[in-house]
There are 2 protein chains.
Amino acid sequence: MTITHQPPGLRERKKLAARRTLQRAALELTAERGLEHVTVEDIAAAADMSPRTFFNYFASKEDALVATDQQGIEQLTGRLLARPAGEAPLEALRAVLVGRLREDAPDLDLLRLCMSVVEPNPVLLPRLVGSFAAAERALAVAVAHRTGTDVDRDAYPMLLAAVATAALRTALHLWRTGDFAAPLPDLVDDAFAHLDAGLTAPVRDH
Amino acid sequence: MTITHQPPGLRERKKLAARRTLQRAALELTAERGLEHVTVEDIAAAADMSPRTFFNYFASKEDALVATDQQGIEQLTGRLLARPAGEAPLEALRAVLVGRLREDAPDLDLLRLCMSVVEPNPVLLPRLVGSFAAAERALAVAVAHRTGTDVDRDAYPMLLAAVATAALRTALHLWRTGDFAAPLPDLVDDAFAHLDAGLTAPVRDH
DNA sequence: AGCAAAGTTGCAGAGACTGCAACGGATAAC
DNA sequence: GTTATCCGTTGCAGTCTCTGCAACTTTGCT
């Protein structure tokens with residue numbers, strides 16, 4: 001099983017499209033009606049698919065609202081490993097995350113929807129936080145690889161990955177509470193700047 | 001509605017006991033049989049309660065396996081606010097978390113069980129991570145209060161709370177992969193030490 | 001065109017979860 | 001001591017989530 005980096009075939013593209021369609025349908029319906037007034041059947045219908053097919057893409061209804069796809073994760077770790085070897089790991093993480101966010105606008109769109117949906121449905125907050133777990137683990141492995149440490153014996157890789165997602169989550173929170181006015185990449189960058197500054201109590205300038 | 005800090009009445013104690021009984025039953029059964037071979041009915045039976053009662057305590061089967069109770073969270077934030085005002089916020093968080101872990105052994109027992117259960121049931125990992133969300137939010141509010149910042153406008157409080165739980169989660173991971181040999185409080189302390197050291201790549205000494 | 005691999009769908013069934021109403025034990029007021 | 005009240009427990013009925021399986025359709029390749 002080798003990883004093929006061919007231009008993705010029709011098959012893959014259709015699958016990704018279907019996934020996005022379902023995700024968007026789920027988010028929009030939930031934004032309108034609230035989480036408990038949307039059934040999987042509704043979502044499937046809105047996406048012109050069978051309910052059974054929904055579960056081929058998402059393990060649960062809530063997953064469709066907060067999930068990050070495996071492909072995106074692999075893209076992140078790939079880029080992380082491609083950073084110059086001398087770079088400080090935290091810097092590399094910042095560059096990769098910010099870089100990715102600056103690129104794809106369509107993803108940002110879904111992300112915004114997602115944050116809007118989570119806020120009035122607090123049950124989803126743990127889910128959202130949990131959905132970062134997979135990415136975090138993958139990033140930790142990549143960091144371990146970069147630094148020659150061991151994910152299961154050294155604190156460093158997991159801690160660094162966890163701190164990076166902490167920055168991301170913080171930025172997402174501020175993004176939403178600020179009505180998405182500030183550009184998300186900038187917010188993430190700011191959060192990392194706080195980390196660089198050593199997490200000392202900030203000066204209040206407002 | 002004021003917060004009563006009376007010695008908890010019989011009623012409260014019984015509720016907490018019931019909750020723990022259910023939690024332990026759920027964890028032990030899942031440890032034996034695996035997540036998908038345990039039903040809520042099984043758990044309720046093992047705890048000598050009706051299945052319906054289970055859902056009076058936990059919103060879902062998985063919740064019983066990873067949930068942290070509201071009371072514990074309030075205890076944490078209470079202690080955080082009671083720390084000396086001059087103390088650096090990260091230091092205060094470290095002291096509170098480590099302090100709490102050094103105290104109650106029974107809780108550690110459940111925590112160990114929980115980690116043992118999550119490992120062979122990866123579906124639970126996001127849930128576990130998500131279960132920290134509530135605590136994190138509460139801690140962020142407390143930090144904001146301590147530092148005079150705004151949870152919804154400044155990155156600092158959420159970032160700090162998220163970093164603290166990152167340390168905790170990292171410690172939990174190492175605790176498990178090390179077969180629970182090292183004392184958890186020490187591991188948490190170590191993780192915070194890494195944070196203090198500025199997240200620079202560690203020297204490899206093994 | 002024709003074969004093989006992979007995706008979609010329907011179906012049936014187990015189990016998760018909820019609202020409601022009845023029951024019962026503890027508490028408090030009289 | 002009796003009565004009124006609160007609050008947790010339980011059973012029940014019903015909806016929805018989620019899964020395995022088998023039939024069918026589409027895609028990718030020759």
# chains A, B, ... in the order shown; residues from 1 in each chain; ligands from 1

$ calpha_fit_rmsd --fixed "chain B" --moving "chain A"
0.2 Å

$ interface_residues --of "chain A" --to "chain C" --cutoff "8 Å" --atoms "only C-alpha atoms (C1' of nucleotides)" --output "ChimeraX atom specification"
/A:50,52-53

$ interface_residues --of "chain A" --to "chain D" --cutoff "10 Å" --atoms "only C-alpha atoms (C1' of nucleotides)" --output "NGL selection string"
:A and (9-11 or 39-41 or 52 or 55 or 59-61)

$ write_last_selection --atoms "C-alpha atoms" --output "PDB file, in the first residue's frame"
ATOM      1  CA  GLY A   9      -9.214  10.658  -9.692  1.00  0.00           C
ATOM      2  CA  LEU A  10     -12.862  11.294 -10.323  1.00  0.00           C
ATOM      3  CA  ARG A  11     -13.715   8.830  -7.619  1.00  0.00           C
ATOM      4  CA  THR A  39     -32.553  14.326  11.841  1.00  0.00           C
ATOM      5  CA  VAL A  40     -30.095  12.400   9.749  1.00  0.00           C
ATOM      6  CA  GLU A  41     -32.952  11.768   7.383  1.00  0.00           C
ATOM      7  CA  ARG A  52     -27.651   5.054   4.860  1.00  0.00           C
ATOM      8  CA  PHE A  55     -23.315   6.967   7.692  1.00  0.00           C
ATOM      9  CA  ALA A  59     -20.009   8.039  12.151  1.00  0.00           C
ATOM     10  CA  SER A  60     -22.641  10.158  13.784  1.00  0.00           C
ATOM     11  CA  LYS A  61     -24.850  13.129  13.203  1.00  0.00           C
TER      12      LYS A  61
END

$ interface_residues --of "chain A" --to "chain B" --cutoff "8 Å" --atoms "only C-alpha atoms" --output "PyMOL selection string"
chain A and resi 88-90+125-134+147+149+152-156+158-160+162-163+166-167+170-171+173-174+177-178+191+194+196+198-202+204

$ write_last_selection --atoms "N, CA and C atoms" --output "CSV table (one decimal), in the first residue's frame"
chain,number,residue,atom,x,y,z
A,88,ALA,N,12.6,26.1,14.6
A,88,ALA,CA,12.1,25.7,15.9
A,88,ALA,C,10.7,25.1,15.7
A,89,PRO,N,10.5,24.0,16.4
A,89,PRO,CA,9.2,23.2,16.1
A,89,PRO,C,8.0,24.1,16.3
A,90,LEU,N,7.9,24.9,17.3
A,90,LEU,CA,6.7,25.7,17.5
A,90,LEU,C,6.6,26.7,16.3
A,125,LEU,N,-19.9,21.6,21.9
A,125,LEU,CA,-18.6,22.2,22.2
A,125,LEU,C,-17.5,21.1,22.5
A,126,PRO,N,-17.9,20.1,23.4
A,126,PRO,CA,-16.9,19.0,23.7
A,126,PRO,C,-16.6,18.3,22.4
A,127,ARG,N,-17.6,18.1,21.5
A,127,ARG,CA,-17.4,17.4,20.3
A,127,ARG,C,-16.4,18.1,19.4
A,128,LEU,N,-16.6,19.4,19.4
A,128,LEU,CA,-15.7,20.2,18.5
A,128,LEU,C,-14.2,20.1,19.1
A,129,VAL,N,-14.1,20.3,20.4
A,129,VAL,CA,-12.8,20.2,21.0
A,129,VAL,C,-12.2,18.8,20.7
A,130,GLY,N,-13.1,17.8,20.8
A,130,GLY,CA,-12.6,16.4,20.6
A,130,GLY,C,-12.2,16.2,19.2
A,131,SER,N,-12.8,16.9,18.3
A,131,SER,CA,-12.5,16.6,16.9
A,131,SER,C,-11.1,17.0,16.5
A,132,PHE,N,-10.5,17.8,17.4
A,132,PHE,CA,-9.1,18.2,17.2
A,132,PHE,C,-8.1,17.1,17.6
A,133,ALA,N,-8.7,16.1,18.4
A,133,ALA,CA,-7.8,15.1,19.0
A,133,ALA,C,-7.0,14.3,17.9
A,134,ALA,N,-7.7,14.0,16.9
A,134,ALA,CA,-7.0,13.2,15.8
A,134,ALA,C,-5.8,14.0,15.2
A,147,THR,N,11.9,16.0,15.9
A,147,THR,CA,12.8,16.3,17.0
A,147,THR,C,13.5,15.1,17.5
A,149,THR,N,12.3,12.7,19.2
A,149,THR,CA,11.7,12.3,20.5
A,149,THR,C,10.7,11.2,20.4
A,152,ASP,N,5.6,8.4,23.2
A,152,ASP,CA,5.1,7.7,24.3
A,152,ASP,C,6.0,7.8,25.5
A,153,ARG,N,7.2,8.5,25.4
A,153,ARG,CA,8.1,8.6,26.5
A,153,ARG,C,8.4,10.0,26.8
A,154,ASP,N,8.4,10.9,25.9
A,154,ASP,CA,8.7,12.3,26.1
A,154,ASP,C,7.5,13.1,26.1
A,155,ALA,N,7.5,14.1,27.0
A,155,ALA,CA,6.3,15.0,27.1
A,155,ALA,C,6.3,15.9,25.9
A,156,TYR,N,7.5,16.2,25.4
A,156,TYR,CA,7.6,17.3,24.4
A,156,TYR,C,6.7,17.3,23.2
A,158,MET,N,3.8,15.7,22.4
A,158,MET,CA,2.4,15.9,22.6
A,158,MET,C,2.1,17.2,23.2
A,159,LEU,N,3.0,17.7,24.1
A,159,LEU,CA,2.7,19.0,24.7
A,159,LEU,C,2.7,20.1,23.6
A,160,LEU,N,3.7,20.0,22.7
A,160,LEU,CA,3.8,21.0,21.7
A,160,LEU,C,2.6,21.0,20.7
A,162,ALA,N,-0.3,19.8,21.5
A,162,ALA,CA,-1.5,20.2,22.2
A,162,ALA,C,-1.5,21.7,22.4
A,163,VAL,N,-0.4,22.3,22.6
A,163,VAL,CA,-0.3,23.8,22.7
A,163,VAL,C,-0.7,24.5,21.4
A,166,ALA,N,-4.2,24.4,21.0
A,166,ALA,CA,-4.7,25.3,22.0
A,166,ALA,C,-4.8,26.7,21.4
A,167,ALA,N,-3.7,27.1,20.7
A,167,ALA,CA,-3.7,28.4,20.0
A,167,ALA,C,-4.8,28.5,19.0
A,170,THR,N,-8.2,28.8,20.6
A,170,THR,CA,-8.4,30.1,21.2
A,170,THR,C,-8.7,31.1,20.1
A,171,ALA,N,-8.0,31.0,19.0
A,171,ALA,CA,-8.2,31.9,17.9
A,171,ALA,C,-9.6,31.7,17.3
A,173,HIS,N,-12.2,30.8,18.9
A,173,HIS,CA,-13.1,31.4,19.9
A,173,HIS,C,-13.2,32.9,19.7
A,174,LEU,N,-12.1,33.5,19.6
A,174,LEU,CA,-12.0,35.0,19.4
A,174,LEU,C,-12.6,35.4,18.1
A,177,THR,N,-16.5,35.2,18.7
A,177,THR,CA,-17.0,36.3,19.5
A,177,THR,C,-16.8,37.7,18.9
A,178,GLY,N,-15.9,37.8,18.0
A,178,GLY,CA,-15.7,39.0,17.2
A,178,GLY,C,-16.5,39.1,15.9
A,191,ALA,N,-2.2,34.4,18.6
A,191,ALA,CA,-2.1,33.4,19.7
A,191,ALA,C,-0.8,32.8,19.8
A,194,HIS,N,1.5,35.1,21.6
A,194,HIS,CA,1.4,35.0,23.0
A,194,HIS,C,2.2,33.9,23.6
A,196,ASP,N,4.9,32.6,22.3
A,196,ASP,CA,6.3,33.0,22.2
A,196,ASP,C,6.7,33.9,23.3
A,198,GLY,N,5.8,33.8,26.1
A,198,GLY,CA,6.0,33.1,27.4
A,198,GLY,C,4.8,33.0,28.3
A,199,LEU,N,3.6,33.3,27.8
A,199,LEU,CA,2.4,33.2,28.5
A,199,LEU,C,2.4,34.1,29.8
A,200,THR,N,3.1,35.2,29.7
A,200,THR,CA,3.0,36.1,30.9
A,200,THR,C,1.8,36.9,30.8
A,201,ALA,N,1.3,37.4,31.9
A,201,ALA,CA,0.1,38.1,31.9
A,201,ALA,C,0.2,39.3,31.0
A,202,PRO,N,-0.8,39.6,30.2
A,202,PRO,CA,-0.7,40.6,29.2
A,202,PRO,C,-0.9,42.0,29.8
A,204,ARG,N,-2.9,45.3,29.8
A,204,ARG,CA,-4.3,45.7,29.4
A,204,ARG,C,-4.2,47.0,28.7

$ select_by_dssp --residues "region 18-135 of chain B" --states "helix (DSSP H, G or I)" --output "VMD selection string"
chain B and resid 18 to 33 35 to 37 40 to 46 51 to 57 63 to 66 70 to 82 89 to 103 105 to 118 124 to 135

$ residues_around --residues "Val38 (chain A)" --least-positions-apart "4" --cutoff "10 Å" --atoms "only C-alpha atoms (C1' of nucleotides)" --output "JSON, numbers by chain"
{"A": [26, 27, 29, 30, 31, 32, 33, 34, 42, 43, 61]}

$ write_last_selection --atoms "N, CA and C atoms" --output "PDB file, in the first residue's frame"
ATOM      1  N   ALA A  26     -25.829  19.579   6.733  1.00  0.00           N
ATOM      2  CA  ALA A  26     -26.003  19.379   8.177  1.00  0.00           C
ATOM      3  C   ALA A  26     -25.853  20.701   8.913  1.00  0.00           C
ATOM      4  N   LEU A  27     -24.829  21.449   8.548  1.00  0.00           N
ATOM      5  CA  LEU A  27     -24.572  22.712   9.243  1.00  0.00           C
ATOM      6  C   LEU A  27     -25.682  23.720   8.993  1.00  0.00           C
ATOM      7  N   LEU A  29     -28.843  23.212   8.034  1.00  0.00           N
ATOM      8  CA  LEU A  29     -30.091  22.822   8.685  1.00  0.00           C
ATOM      9  C   LEU A  29     -30.026  23.069  10.185  1.00  0.00           C
ATOM     10  N   THR A  30     -28.906  22.737  10.775  1.00  0.00           N
ATOM     11  CA  THR A  30     -28.781  22.922  12.218  1.00  0.00           C
ATOM     12  C   THR A  30     -28.772  24.393  12.588  1.00  0.00           C
ATOM     13  N   ALA A  31     -28.162  25.203  11.732  1.00  0.00           N
ATOM     14  CA  ALA A  31     -28.153  26.640  11.988  1.00  0.00           C
ATOM     15  C   ALA A  31     -29.578  27.194  11.978  1.00  0.00           C
ATOM     16  N   GLU A  32     -30.387  26.666  11.085  1.00  0.00           N
ATOM     17  CA  GLU A  32     -31.773  27.135  10.991  1.00  0.00           C
ATOM     18  C   GLU A  32     -32.631  26.666  12.155  1.00  0.00           C
ATOM     19  N   ARG A  33     -32.609  25.339  12.379  1.00  0.00           N
ATOM     20  CA  ARG A  33     -33.610  24.745  13.256  1.00  0.00           C
ATOM     21  C   ARG A  33     -33.110  24.397  14.641  1.00  0.00           C
ATOM     22  N   GLY A  34     -31.819  24.338  14.808  1.00  0.00           N
ATOM     23  CA  GLY A  34     -31.298  23.847  16.075  1.00  0.00           C
ATOM     24  C   GLY A  34     -31.032  22.356  15.986  1.00  0.00           C
ATOM     25  N   ASP A  42     -33.282  14.168   7.481  1.00  0.00           N
ATOM     26  CA  ASP A  42     -33.367  15.521   6.933  1.00  0.00           C
ATOM     27  C   ASP A  42     -32.090  15.873   6.176  1.00  0.00           C
ATOM     28  N   ILE A  43     -30.975  15.621   6.825  1.00  0.00           N
ATOM     29  CA  ILE A  43     -29.682  15.975   6.242  1.00  0.00           C
ATOM     30  C   ILE A  43     -29.488  15.254   4.918  1.00  0.00           C
ATOM     31  N   LYS A  61     -24.286  11.858  13.640  1.00  0.00           N
ATOM     32  CA  LYS A  61     -24.850  13.129  13.203  1.00  0.00           C
ATOM     33  C   LYS A  61     -23.919  14.271  13.603  1.00  0.00           C
TER      34      LYS A  61
END
